[in-house]
Every structure is written in C-alpha cells, then in structure tokens.
>>> print(open('protein13.cif').read())   # mmCIF, C-alpha atoms
data_start
loop_
_atom_site.label_atom_id
_atom_site.label_comp_id
_atom_site.auth_asym_id
_atom_site.auth_seq_id
_atom_site.Cartn_x
_atom_site.Cartn_y
_atom_site.Cartn_z
CA MET A 1 0.00 0.00 0.00
CA THR A 2 1.25 3.47 -0.88
CA ALA A 3 1.70 5.67 2.14
CA LEU A 4 -0.85 8.43 2.62
CA ARG A 5 0.71 11.87 2.82
CA VAL A 6 -0.80 14.27 5.34
CA LEU A 7 0.03 17.92 5.91
CA LEU A 8 -0.69 19.33 9.38
CA ALA A 9 -0.57 23.11 9.75
CA GLY A 10 -0.66 24.66 13.22
CA GLU A 11 -0.27 23.07 16.66
CA SER A 12 2.68 25.20 17.77
CA TRP A 13 3.14 28.28 19.92
CA MET A 14 5.77 30.51 21.52
CA MET A 15 5.70 31.97 25.01
CA SER A 16 7.64 34.87 26.54
CA THR A 17 7.82 35.05 30.34
CA THR A 18 9.21 37.80 32.55
CA HIS A 19 10.53 36.69 35.95
CA TYR A 20 10.62 39.36 38.66
CA LYS A 21 12.99 38.84 41.63
CA GLY A 22 12.90 41.95 43.74
CA PHE A 23 14.66 44.74 41.83
CA ASP A 24 15.89 42.25 39.25
CA TYR A 25 14.11 40.57 36.38
CA MET A 26 14.81 38.42 33.35
CA THR A 27 12.85 37.26 30.33
CA THR A 28 12.74 33.72 28.94
CA ALA A 29 11.15 32.36 25.78
CA THR A 30 9.92 28.86 24.97
CA TYR A 31 8.62 27.10 21.85
CA GLU A 32 6.19 24.18 22.13
CA THR A 33 4.14 21.94 19.85
CA GLY A 34 0.92 20.05 20.48
CA LEU A 35 1.11 17.18 17.98
CA ALA A 36 2.98 14.59 20.07
CA TYR A 37 -0.07 12.38 20.68
CA LEU A 38 -1.14 12.48 17.03
CA ALA A 39 2.38 11.74 15.79
CA GLN A 40 2.61 8.85 18.23
CA ALA A 41 -0.76 7.51 17.09
CA LEU A 42 0.30 7.55 13.43
CA ASP A 43 3.69 6.00 14.12
CA GLY A 44 3.96 2.61 12.43
CA SER A 45 0.96 3.24 10.17
CA GLU A 46 0.90 3.83 6.42
CA ILE A 47 0.53 7.57 6.98
CA GLU A 48 3.37 10.08 6.53
CA LEU A 49 2.84 13.26 8.55
CA THR A 50 4.41 16.58 7.55
CA HIS A 51 4.15 19.43 10.04
CA ILE A 52 4.18 23.16 9.27
CA PRO A 53 4.33 25.08 12.59
CA SER A 54 2.04 28.06 12.98
CA HIS A 55 4.82 30.65 12.78
CA LEU A 56 6.04 29.24 9.45
CA ALA A 57 2.66 28.68 7.82
CA SER A 58 2.32 32.19 6.40
CA GLN A 59 5.44 31.61 4.33
CA THR A 60 5.59 27.86 3.71
CA PHE A 61 1.99 26.65 3.46
CA PRO A 62 1.38 25.57 -0.18
CA GLN A 63 0.48 28.39 -2.59
CA THR A 64 -0.60 26.31 -5.59
CA LEU A 65 -2.95 23.43 -6.31
CA GLU A 66 0.05 21.46 -7.56
CA ALA A 67 1.79 21.88 -4.20
CA LEU A 68 -1.34 20.80 -2.32
CA ASP A 69 -1.63 17.78 -4.59
CA ALA A 70 1.50 16.40 -2.95
CA TYR A 71 -0.78 15.49 -0.04
CA ASP A 72 -3.76 13.18 0.35
CA ALA A 73 -5.15 15.18 3.26
CA VAL A 74 -4.60 18.54 4.96
CA ILE A 75 -5.26 19.15 8.66
CA LEU A 76 -5.71 22.64 10.07
CA SER A 77 -5.39 22.54 13.86
CA ASP A 78 -5.24 25.53 16.20
CA ILE A 79 -4.12 27.96 13.52
CA GLY A 80 -6.07 31.08 12.57
CA ALA A 81 -7.17 32.13 9.11
CA TYR A 82 -4.79 35.09 9.02
CA SER A 83 -1.76 32.79 9.34
CA LEU A 84 -2.74 31.39 5.93
CA LEU A 85 -3.92 34.64 4.37
CA MET A 86 -0.96 36.88 5.19
CA HIS A 87 2.03 35.77 3.14
CA PRO A 88 5.14 37.92 3.78
CA ASP A 89 4.94 39.21 0.19
CA THR A 90 1.61 40.82 1.07
CA TRP A 91 2.11 41.67 4.75
CA GLN A 92 5.66 43.02 4.51
CA ARG A 93 6.09 44.01 0.86
CA GLY A 94 2.62 45.11 -0.28
CA GLN A 95 2.52 42.57 -3.11
CA THR A 96 -0.25 40.25 -4.24
CA SER A 97 -0.13 36.60 -3.20
CA PRO A 98 -2.47 33.60 -3.55
CA ASN A 99 -5.49 33.45 -1.23
CA ARG A 100 -4.85 30.08 0.36
CA LEU A 101 -8.37 29.81 1.80
CA VAL A 102 -9.73 30.00 -1.75
CA LEU A 103 -7.02 27.58 -2.82
CA LEU A 104 -8.10 25.04 -0.20
CA ARG A 105 -11.70 25.26 -1.36
CA GLU A 106 -10.67 24.58 -4.96
CA TRP A 107 -8.36 21.76 -3.90
CA VAL A 108 -11.17 20.04 -2.01
CA ASN A 109 -13.55 20.60 -4.93
CA GLN A 110 -11.06 18.80 -7.15
CA GLY A 111 -10.72 15.82 -4.82
CA GLY A 112 -8.68 16.83 -1.75
CA GLY A 113 -9.45 15.93 1.85
CA LEU A 114 -9.57 18.67 4.49
CA LEU A 115 -9.92 18.28 8.27
CA MET A 116 -10.23 21.10 10.80
CA CYS A 117 -9.59 20.20 14.43
CA GLY A 118 -10.74 22.30 17.34
CA GLY A 119 -8.75 24.65 19.52
CA TYR A 120 -8.39 28.23 20.69
CA TYR A 121 -7.46 29.27 17.13
CA SER A 122 -9.75 26.96 15.17
CA PHE A 123 -13.19 27.64 13.67
CA ALA A 124 -14.13 30.97 15.39
CA GLY A 125 -11.85 30.55 18.39
CA ILE A 126 -10.91 32.84 21.25
CA GLY A 127 -12.61 36.21 20.83
CA ALA A 128 -13.70 34.89 17.38
CA ALA A 129 -10.11 35.72 16.31
CA ALA A 130 -9.46 32.49 14.38
CA LYS A 131 -12.00 33.94 11.95
CA PHE A 132 -12.74 31.04 9.62
CA TYR A 133 -16.40 32.03 9.57
CA ARG A 134 -17.61 33.47 6.24
CA THR A 135 -14.52 32.16 4.45
CA PRO A 136 -14.04 29.65 1.62
CA VAL A 137 -12.85 27.13 4.21
CA GLU A 138 -16.15 27.36 6.09
CA GLU A 139 -17.92 26.82 2.75
CA VAL A 140 -16.40 23.36 2.32
CA LEU A 141 -16.54 22.17 5.93
CA PRO A 142 -19.47 20.08 7.24
CA VAL A 143 -20.27 22.73 9.85
CA ASP A 144 -21.24 26.38 10.05
CA ILE A 145 -18.89 28.43 12.21
CA MET A 146 -20.07 30.91 14.83
CA THR A 147 -19.28 34.62 14.55
CA PHE A 148 -18.53 34.87 18.29
CA ASP A 149 -16.13 33.19 20.70
CA ASP A 150 -17.18 29.56 20.25
CA ARG A 151 -15.15 27.88 23.01
CA ILE A 152 -17.01 25.69 25.47
CA GLU A 153 -14.95 24.64 28.49
CA THR A 154 -16.03 21.49 30.32
CA PRO A 155 -13.53 20.96 33.16
CA GLU A 156 -15.94 18.44 34.68
CA GLY A 157 -15.64 16.29 31.55
CA ALA A 158 -17.98 16.02 28.55
CA GLN A 159 -19.00 12.61 27.25
CA PRO A 160 -18.77 12.01 23.47
CA VAL A 161 -21.73 10.14 21.98
CA VAL A 162 -21.48 8.18 18.72
CA VAL A 163 -24.57 8.71 16.57
CA GLU A 164 -23.61 6.98 13.31
CA PRO A 165 -21.60 3.86 14.26
CA ALA A 166 -21.97 2.40 10.76
CA HIS A 167 -19.88 5.16 9.17
CA PRO A 168 -16.49 3.87 7.89
CA ILE A 169 -14.58 6.25 10.18
CA LEU A 170 -16.19 4.63 13.23
CA ASP A 171 -15.72 1.03 12.14
CA GLY A 172 -14.51 -1.14 15.00
CA PHE A 173 -15.38 1.20 17.87
CA GLU A 174 -17.00 -0.34 20.91
CA GLY A 175 -18.01 0.99 24.28
CA GLU A 176 -17.92 4.44 25.78
CA TRP A 177 -15.35 7.03 24.74
CA PRO A 178 -13.23 8.89 27.34
CA VAL A 179 -14.41 12.37 28.28
CA LEU A 180 -13.21 15.64 26.73
CA LEU A 181 -12.50 18.88 28.59
CA GLY A 182 -13.74 21.32 25.97
CA PHE A 183 -14.66 21.94 22.34
CA ASN A 184 -15.73 24.56 19.80
CA GLU A 185 -19.45 25.21 19.37
CA LEU A 186 -20.47 24.35 15.80
CA ALA A 187 -23.68 23.92 13.77
CA LEU A 188 -24.15 21.03 11.36
CA LYS A 189 -24.70 21.86 7.68
CA PRO A 190 -27.90 20.34 6.19
CA ASP A 191 -26.02 18.03 3.80
CA ALA A 192 -23.40 16.87 6.33
CA ARG A 193 -23.33 13.60 8.27
CA LEU A 194 -23.17 13.81 12.05
CA LEU A 195 -20.96 11.02 13.38
CA ALA A 196 -20.58 11.98 17.05
CA THR A 197 -21.81 14.65 19.44
CA VAL A 198 -20.68 16.18 22.72
CA GLN A 199 -23.26 17.82 25.00
CA GLY A 200 -25.62 17.90 22.02
CA TYR A 201 -23.20 19.78 19.74
CA PRO A 202 -21.41 18.31 16.70
CA LEU A 203 -18.13 16.69 17.72
CA LEU A 204 -17.28 14.79 14.53
CA ALA A 205 -18.98 15.59 11.23
CA ALA A 206 -18.30 14.56 7.62
CA ARG A 207 -19.24 15.97 4.25
CA GLY A 208 -18.60 15.57 0.56
CA TYR A 209 -17.77 18.73 -1.41
CA GLY A 210 -17.32 18.47 -5.15
CA ARG A 211 -15.00 15.51 -5.68
CA GLY A 212 -13.44 15.90 -2.23
CA ARG A 213 -14.25 15.23 1.40
CA THR A 214 -14.11 17.26 4.62
CA LEU A 215 -14.23 16.55 8.33
CA ALA A 216 -14.69 18.70 11.42
CA TRP A 217 -13.46 17.55 14.84
CA ALA A 218 -14.63 20.07 17.44
CA SER A 219 -12.12 19.27 20.19
CA ASP A 220 -8.31 19.26 20.43
CA ILE A 221 -5.96 16.59 19.14
CA GLY A 222 -4.14 16.86 22.48
CA PRO A 223 -4.21 18.71 25.80
CA HIS A 224 -5.88 20.53 27.19
CA TRP A 225 -9.32 19.79 25.71
CA CYS A 226 -8.28 16.28 24.70
CA PRO A 227 -6.73 14.97 27.95
CA GLU A 228 -4.22 12.18 28.30
CA PRO A 229 -6.79 9.42 29.04
CA PHE A 230 -8.41 10.19 25.67
CA ALA A 231 -5.11 10.51 23.80
CA GLN A 232 -3.80 7.25 25.28
CA TRP A 233 -7.08 5.41 24.64
CA GLU A 234 -6.75 2.74 21.94
CA GLY A 235 -9.60 4.35 20.02
CA TYR A 236 -7.58 7.56 19.57
CA ARG A 237 -5.22 5.87 17.11
CA ARG A 238 -8.11 4.19 15.29
CA LEU A 239 -10.01 7.49 15.07
CA TRP A 240 -7.22 9.40 13.35
CA ILE A 241 -6.03 6.65 11.04
CA GLN A 242 -9.56 5.90 9.85
CA SER A 243 -10.39 9.60 9.52
CA ILE A 244 -7.36 10.17 7.30
CA GLU A 245 -8.12 7.07 5.25
CA TRP A 246 -11.68 8.31 4.73
CA LEU A 247 -10.48 11.77 3.70
CA ALA A 248 -8.15 10.15 1.17
CA GLY A 249 -10.98 8.05 -0.29
CA GLN A 250 -9.69 4.74 1.06
CA ARG A 251 -12.80 4.08 3.21
#
>>> encode(input="protein13.cif", output="structure tokens")
Amino acid sequence: MTALRVLLAGESWMMSTTHYKGFDYMTTATYETGLAYLAQALDGSEIELTHIPSHLASQTFPQTLEALDAYDAVILSDIGAYSLLMHPDTWQRGQTSPNRLVLLREWVNQGGGLLMCGGYYSFAGIGAAAKFYRTPVEEVLPVDIMTFDDRIETPEGAQPVVVEPAHPILDGFEGEWPVLLGFNELALKPDARLLATVQGYPLLAARGYGRGRTLAWASDIGPHWCPEPFAQWEGYRRLWIQSIEWLAGQR
C-alpha cells in the first residue's frame, strides 16, 4: 500500500515570560508543539505526517494546487485564518499573493481531503479571532462556524456520543469514549453527516464537497481539551487513522 501523505498546519506556539525577583528581572522564551499524541498515534501506520508550525505557515503553506496535490489530506489545527492569508509578500512588501483559503476550497472541490480540528485558534476561536467564519474554508466544511467566541470549556468532563456507528470512520469502535475537557461550538450543515456529538453539539462531522471530502473535529488533538486518558485510549489511534483514510478516499 502506498503511504498516505498528510500535511498538518498549526499546533505550535511561543511563550515569553518575565521573571521578577525583587529589583531584578529576566525574560525567557519557549517554543512548544501540540502534535505529540497524534504523531505517536500515526507511528507505524501507512501515513506520513508533515508538520508546518504556525509561525512558518504564512510563508511555507502551499500556494498552488500542484503543491497541495503532494498530499492526500490537509489538517488545520489551532491555527487562525490570518496565518494562511498573510504571506510575507503581502504583509511586509505590499505585493499580491495567492489566497490560500480560496485555494483550499478549490483543492477540495477537485478531490482533496480537508480536516479542521478544534482549539483556541480553530473555527471561530478565542474572541472569534481564528475567523474562519464566512470564508471559503467554512464553505467546504461540514459545519457552520459561529461569529462569536465559540469555546465551550467542560472541566468536569464532557461525554462524546457516537450517533452513526456504521460510518467507515467509526468502524470497530465499541463501548464508551473517554471524556473531553472542551470543544468549539459548531452547527451542522444540512447536507453533512453527524458522526458523534458532545453535550448535544457536533463533535465529529463529515461531508462531501465536489469531488473531495471534509471533516470537522470540534475538540483538540491533544491537551488541554483532549486529555491524556483520551489521547492514550486505543480508540484515539483508530479514530485518526480511519479519519485520514476516509479523507483520502480509502474508506
């Protein structure tokens, strides 16, 4: 079997901290990523994962259909729309550049597979700043995106509920899923298929668009919304492998 090629954009962040010690202070900076659980889950499978960190996406995310065609599926996870829209040629030099949200829509229409995963900078996101609502990416997804801060925190734990167990993505799942600690509020499109819910909201939804396929996963791929018991659950690996296979037309 030929390996499936997946591009993940996002899931990285930088932090700057100032430490005050009386009259003295110092500043430290750290860089972190949030894809460890997903990478571990895909390890040993027939899926090759390429990661573009959030701070590099504006420059290195594909700018042509031909470049996107190098991948069987694209995952956007915790990365805002502006990180794809604002290429340095436009932001720094005042030049035109491809609109990569439009490009993703056309790529899906021609047969690509797109997945958006939840997070503080997914869908609408914190303060609605992720701003994928009313964009070409929203047009292809199986969900409508809110125009307000769509985060729902559930520190007490929210129980996922499978509603279409016969769907190929959910083949082989048995029993109750571990709880989640939060998700983005979404609304199902009329022609989409609802596969799982959380507190009555869409958690996992699928849709065909043109010749392509799209998925929406409303929670994280890792902490904090997707806690360690979920990420270490045997169904976590099955969920992502079968989701990617479905996006690539192999299920």
>>> axis_aligned_box(input="protein13.cif", around="region 236-240 of chain A", padding_each_side="5 Å", output="AutoDock Vina command-line options")
--center_x -7.6 --center_y 6.8 --center_z 16.5 --size_x 14.8 --size_y 15.2 --size_z 16.2
>>> resolve_selection(input="protein13.cif", expression="the PyMOL selection byres ((chain A and resi 122-137) around 7)", output="PyMOL selection string")
chain A and resi 77-81+101-102+104-105+117-121+138-141+145-151
>>> atom_distance(input="protein13.cif", atom1="CA of Tyr37 (chain A)", atom2="CA of Leu204 (chain A)")
18.4 Å
>>> resolve_selection(input="protein13.cif", expression="the PyMOL selection byres ((chain A and resi 12-22) around 6)", output="PyMOL selection string")
chain A and resi 10-11+23-33+53-54
>>> atom_distance(input="protein13.cif", atom1="CA of Leu194 (chain A)", atom2="CA of Ala36 (chain A)")
27.4 Å
>>> resolve_selection(input="protein13.cif", expression="the PyMOL selection byres ((chain A and resi 241) around 9)", output="list in words")
Ala41, Leu42, Ser45, Glu46, Ile47, Ile169, Tyr236, Arg237, Arg238, Leu239, Trp240, Gln242, Ser243, Ile244, Glu245 and Trp246 of chain A
>>> closest_residue(input="protein13.cif", among="A:Ala216, A:Ala166, A:Leu203, A:Cys226", to="Leu181 (chain A)", atoms="only C-alpha atoms")
A:Cys226
>>> closest_residue(input="protein13.cif", among="A:Leu180, A:Val74, A:Leu7, A:Leu188", to="Glu228 (chain A)", atoms="all atoms listed in the file")
A:Leu180
>>> closest_residue(input="protein13.cif", among="A:Pro155, A:Asp144, A:His224, A:Gly172", to="Ala187 (chain A)", atoms="only C-alpha atoms")
A:Asp144
>>> atom_distance(input="protein13.cif", atom1="CA of Asn184 (chain A)", atom2="CA of Ile221 (chain A)")
12.6 Å
>>> closest_residue(input="protein13.cif", among="A:Trp91, A:Phe230, A:Tyr82, A:Trp217", to="Leu115 (chain A)", atoms="only C-alpha atoms")
A:Trp217
>>> residues_near_point(input="protein13.cif", point="(-23.1, 22.0, 25.1)", cutoff="12 Å", atoms="only C-alpha atoms", output="MDAnalysis selection string")
chainID A and resid 150:154 157:160 180:187 197:203 218
>>> residues_around(input="protein13.cif", residues="Ile52 (chain A)", least_positions_apart="5", cutoff="7 Å", atoms="all atoms listed in the file", output="VMD selection string")
chain A and resid 8 to 10 57
>>> closest_residue(input="protein13.cif", among="A:Pro227, A:Pro165, A:Gly208, A:Gly249", to="Val143 (chain A)", atoms="only C-alpha atoms")
A:Gly208
>>> closest_residue(input="protein13.cif", among="A:Ala206, A:Leu35, A:Leu170, A:Leu65", to="Glu106 (chain A)", atoms="only C-alpha atoms")
A:Leu65
>>> decode(input="protein13.cif", residues="region 127-161 of chain A", atoms="N, CA and C atoms", output="mmCIF file, in the first residue's frame")
data_model
loop_
_atom_site.group_PDB
_atom_site.id
_atom_site.type_symbol
_atom_site.label_atom_id
_atom_site.label_comp_id
_atom_site.auth_asym_id
_atom_site.auth_seq_id
_atom_site.Cartn_x
_atom_site.Cartn_y
_atom_site.Cartn_z
ATOM 1 N N GLY A 127 -12.227 34.886 21.298
ATOM 2 C CA GLY A 127 -12.610 36.211 20.826
ATOM 3 C C GLY A 127 -13.017 36.230 19.365
ATOM 4 N N ALA A 128 -13.364 35.064 18.807
ATOM 5 C CA ALA A 128 -13.695 34.887 17.377
ATOM 6 C C ALA A 128 -12.515 35.240 16.480
ATOM 7 N N ALA A 129 -11.286 35.238 17.038
ATOM 8 C CA ALA A 129 -10.111 35.721 16.314
ATOM 9 C C ALA A 129 -9.555 34.727 15.300
ATOM 10 N N ALA A 130 -9.910 33.441 15.402
ATOM 11 C CA ALA A 130 -9.456 32.489 14.381
ATOM 12 C C ALA A 130 -10.088 32.802 13.033
ATOM 13 N N LYS A 131 -11.317 33.299 13.072
ATOM 14 C CA LYS A 131 -12.004 33.938 11.950
ATOM 15 C C LYS A 131 -12.082 33.107 10.660
ATOM 16 N N PHE A 132 -12.462 31.845 10.820
ATOM 17 C CA PHE A 132 -12.735 31.044 9.623
ATOM 18 C C PHE A 132 -14.190 31.164 9.176
ATOM 19 N N TYR A 133 -15.026 31.841 9.994
ATOM 20 C CA TYR A 133 -16.404 32.034 9.568
ATOM 21 C C TYR A 133 -16.446 32.957 8.355
ATOM 22 N N ARG A 134 -17.415 32.694 7.462
ATOM 23 C CA ARG A 134 -17.613 33.468 6.236
ATOM 24 C C ARG A 134 -16.388 33.444 5.320
ATOM 25 N N THR A 135 -15.678 32.327 5.324
ATOM 26 C CA THR A 135 -14.520 32.159 4.447
ATOM 27 C C THR A 135 -14.751 30.970 3.520
ATOM 28 N N PRO A 136 -13.928 30.820 2.483
ATOM 29 C CA PRO A 136 -14.044 29.650 1.621
ATOM 30 C C PRO A 136 -13.809 28.331 2.350
ATOM 31 N N VAL A 137 -13.055 28.358 3.437
ATOM 32 C CA VAL A 137 -12.850 27.128 4.211
ATOM 33 C C VAL A 137 -14.146 26.725 4.911
ATOM 34 N N GLU A 138 -14.847 27.683 5.491
ATOM 35 C CA GLU A 138 -16.149 27.365 6.085
ATOM 36 C C GLU A 138 -17.088 26.786 5.031
ATOM 37 N N GLU A 139 -17.020 27.278 3.816
ATOM 38 C CA GLU A 139 -17.916 26.824 2.751
ATOM 39 C C GLU A 139 -17.800 25.325 2.512
ATOM 40 N N VAL A 140 -16.583 24.779 2.635
ATOM 41 C CA VAL A 140 -16.399 23.358 2.322
ATOM 42 C C VAL A 140 -16.582 22.450 3.536
ATOM 43 N N LEU A 141 -16.454 22.996 4.734
ATOM 44 C CA LEU A 141 -16.544 22.167 5.931
ATOM 45 C C LEU A 141 -17.970 21.659 6.166
ATOM 46 N N PRO A 142 -18.133 20.610 6.960
ATOM 47 C CA PRO A 142 -19.474 20.080 7.245
ATOM 48 C C PRO A 142 -20.228 20.868 8.300
ATOM 49 N N VAL A 143 -19.638 21.947 8.784
ATOM 50 C CA VAL A 143 -20.267 22.725 9.851
ATOM 51 C C VAL A 143 -20.266 24.202 9.507
ATOM 52 N N ASP A 144 -21.246 24.918 10.072
ATOM 53 C CA ASP A 144 -21.242 26.379 10.053
ATOM 54 C C ASP A 144 -20.530 26.860 11.305
ATOM 55 N N ILE A 145 -19.733 27.920 11.141
ATOM 56 C CA ILE A 145 -18.889 28.434 12.213
ATOM 57 C C ILE A 145 -19.541 29.664 12.819
ATOM 58 N N MET A 146 -19.473 29.775 14.134
ATOM 59 C CA MET A 146 -20.069 30.911 14.826
ATOM 60 C C MET A 146 -19.282 32.197 14.534
ATOM 61 N N THR A 147 -19.939 33.328 14.746
ATOM 62 C CA THR A 147 -19.279 34.624 14.555
ATOM 63 C C THR A 147 -18.871 35.237 15.890
ATOM 64 N N PHE A 148 -18.912 34.419 16.947
ATOM 65 C CA PHE A 148 -18.531 34.865 18.286
ATOM 66 C C PHE A 148 -17.578 33.831 18.871
ATOM 67 N N ASP A 149 -17.006 34.138 20.010
ATOM 68 C CA ASP A 149 -16.132 33.194 20.700
ATOM 69 C C ASP A 149 -16.888 31.887 20.922
ATOM 70 N N ASP A 150 -16.422 30.822 20.287
ATOM 71 C CA ASP A 150 -17.177 29.562 20.252
ATOM 72 C C ASP A 150 -16.652 28.506 21.221
ATOM 73 N N ARG A 151 -15.743 28.873 22.106
ATOM 74 C CA ARG A 151 -15.152 27.883 23.008
ATOM 75 C C ARG A 151 -16.126 27.496 24.120
ATOM 76 N N ILE A 152 -16.229 26.208 24.352
ATOM 77 C CA ILE A 152 -17.013 25.692 25.467
ATOM 78 C C ILE A 152 -16.075 24.862 26.338
ATOM 79 N N GLU A 153 -15.829 25.341 27.555
ATOM 80 C CA GLU A 153 -14.945 24.645 28.490
ATOM 81 C C GLU A 153 -15.779 23.706 29.360
ATOM 82 N N THR A 154 -15.324 22.477 29.490
ATOM 83 C CA THR A 154 -16.031 21.493 30.315
ATOM 84 C C THR A 154 -15.024 20.821 31.253
ATOM 85 N N PRO A 155 -14.531 21.546 32.258
ATOM 86 C CA PRO A 155 -13.531 20.961 33.156
ATOM 87 C C PRO A 155 -14.038 19.740 33.903
ATOM 88 N N GLU A 156 -15.355 19.611 34.020
ATOM 89 C CA GLU A 156 -15.943 18.441 34.682
ATOM 90 C C GLU A 156 -15.934 17.204 33.786
ATOM 91 N N GLY A 157 -15.635 17.389 32.505
ATOM 92 C CA GLY A 157 -15.638 16.290 31.552
ATOM 93 C C GLY A 157 -16.928 16.236 30.759
ATOM 94 N N ALA A 158 -16.824 16.114 29.444
ATOM 95 C CA ALA A 158 -17.982 16.021 28.554
ATOM 96 C C ALA A 158 -17.903 14.703 27.790
ATOM 97 N N GLN A 159 -18.988 13.952 27.810
ATOM 98 C CA GLN A 159 -19.003 12.606 27.251
ATOM 99 C C GLN A 159 -19.336 12.612 25.751
ATOM 100 N N PRO A 160 -18.426 12.175 24.884
ATOM 101 C CA PRO A 160 -18.774 12.014 23.465
ATOM 102 C C PRO A 160 -19.827 10.920 23.282
ATOM 103 N N VAL A 161 -20.687 11.116 22.290
ATOM 104 C CA VAL A 161 -21.732 10.141 21.982
ATOM 105 C C VAL A 161 -21.691 9.841 20.487
#
